[in-house]
Structures are given as structure tokens and as C-alpha cells.
>>> print(open('data-v4.cif').read())   # mmCIF, C-alpha atoms
data_structure
loop_
_atom_site.label_atom_id
_atom_site.label_comp_id
_atom_site.auth_asym_id
_atom_site.auth_seq_id
_atom_site.Cartn_x
_atom_site.Cartn_y
_atom_site.Cartn_z
CA MET A 1 91.87 284.13 94.56
CA ALA A 2 90.98 283.45 90.93
CA THR A 3 87.41 282.59 91.84
CA ASN A 4 87.05 285.85 93.75
CA GLU A 5 88.37 287.78 90.74
CA SER A 6 85.99 286.00 88.38
CA LYS A 7 83.05 286.67 90.74
CA LEU A 8 84.09 290.29 90.95
CA SER A 9 84.45 290.64 87.18
CA ARG A 10 81.03 289.02 86.62
CA PHE A 11 79.54 291.35 89.21
CA LEU A 12 81.12 294.41 87.59
CA ASP A 13 80.04 293.28 84.11
CA GLN A 14 76.46 293.92 85.18
CA PHE A 15 77.24 297.61 85.50
CA LYS A 16 79.11 298.06 82.24
CA PRO A 17 77.30 300.40 79.87
CA LYS A 18 75.55 298.53 77.12
CA SER A 19 76.68 299.45 73.66
CA TYR A 20 74.23 302.04 72.42
CA GLU A 21 73.55 302.84 68.81
CA SER A 22 71.15 305.65 67.98
CA GLU A 23 68.42 305.35 65.39
CA PHE A 24 70.24 307.85 63.22
CA THR A 25 73.45 305.82 63.32
CA LYS A 26 71.52 302.68 62.39
CA PHE A 27 69.83 304.54 59.54
CA ILE A 28 73.16 305.83 58.15
CA ARG A 29 74.81 302.41 58.45
CA GLU A 30 71.89 300.72 56.64
CA MET A 31 71.82 303.41 53.95
CA LYS A 32 75.56 302.95 53.31
CA GLN A 33 75.00 299.21 52.97
CA GLN A 34 72.16 299.76 50.50
CA LYS A 35 74.04 302.40 48.50
CA PRO A 36 77.76 301.59 48.49
CA GLN A 37 78.44 304.35 45.93
CA LEU A 38 77.14 307.00 48.37
CA GLU A 39 80.53 307.93 49.83
CA ALA A 40 82.08 308.34 46.39
CA GLU A 41 79.22 310.66 45.40
CA GLN A 42 79.72 312.66 48.59
CA ARG A 43 83.44 313.09 47.84
CA LYS A 44 82.64 314.17 44.29
CA SER A 45 80.12 316.76 45.50
CA ARG A 46 82.52 318.04 48.13
CA ALA A 47 85.17 318.53 45.47
CA ILE A 48 82.76 320.69 43.47
CA TRP A 49 82.04 323.12 46.29
CA TRP A 50 84.91 322.98 48.77
CA ASP A 51 88.09 321.31 47.55
CA HIS A 52 89.41 323.88 45.11
CA LYS A 53 92.15 326.48 45.01
CA GLN A 54 91.42 329.83 46.62
CA ASP A 55 91.73 333.08 44.71
CA LEU A 56 94.01 335.12 46.97
CA GLU A 57 93.01 338.46 45.45
CA THR A 58 89.33 337.81 46.11
CA LEU A 59 90.07 336.75 49.68
CA GLU A 60 92.13 339.88 50.30
CA ARG A 61 89.42 342.11 48.81
CA ALA A 62 86.78 340.45 51.03
CA LYS A 63 89.00 340.93 54.08
CA GLN A 64 89.51 344.62 53.33
CA SER A 65 85.82 345.28 52.69
CA ARG A 66 84.67 343.71 55.93
CA VAL A 67 82.91 346.16 58.25
CA LYS A 68 83.95 346.00 61.89
CA GLN A 69 81.08 344.97 64.14
CA GLN A 70 80.62 346.18 67.69
CA PRO A 71 80.96 343.50 70.39
CA TYR A 72 77.26 343.45 71.32
CA VAL A 73 75.19 344.21 68.25
CA TYR A 74 71.95 345.05 70.07
CA GLN A 75 73.47 347.77 72.26
CA ASN A 76 73.18 351.37 71.18
CA LYS A 77 76.35 352.84 69.78
CA VAL A 78 78.35 354.45 72.52
#
>>> encode(input="data-v4.cif", output="C-alpha cells")
Amino acid sequence: MATNESKLSRFLDQFKPKSYESEFTKFIREMKQQKPQLEAEQRKSRAIWWDHKQDLETLERAKQSRVKQQPYVYQNKV
């Protein structure tokens, strides 16, 4: 029985998907190896633009000044 299982597993191994790595993934992995400080720089840049406290008054003003848009913008107003 064990030999049948091993034959079956070897047969099925032929049909297993090969591990695929895209050119872009290879490029990013190599770039991170060449520039280990890259991730720290990305975090620093993200903190400048995104990771900060929100001004609630400004958000509320923007919400109130928003103009309602019709569902399909290219249709004539009905």
C-alpha cells in the first residue's frame, strides 16, 4: 500500500503548480536587499502625509460643502 501511495504522490507532484514569482516581485525583493533602509524611508514618508491627527472641524466643513451628485452623471437632469 505504501508503494502505491508513493507512486500516486509522485504522479500528483507532476501536476502541482510551480512556484511563480513575477518580474516585479523579483525586482522589489532585489531592491530591498540592495537598499535595506528603504522600508524605514517609506514609513517616514507615510508619516508625513498620512499618519497624522485629523482636524474634525475641517472634515465636518468638507462634509457639509459636498454637492450631491446624480447617480449617472452623463444623463440629463430629470
>>> atom_distance(input="data-v4.cif", atom1="atom CA of Lys26 of chain A", atom2="atom CA of Gln42 of chain A")
18.9 Å
>>> atom_distance(input="data-v4.cif", atom1="atom CA of Leu59 of chain A", atom2="atom CA of Lys77 of chain A")
29.2 Å
>>> atom_distance(input="data-v4.cif", atom1="atom CA of Arg29 of chain A", atom2="atom CA of Arg43 of chain A")
17.4 Å
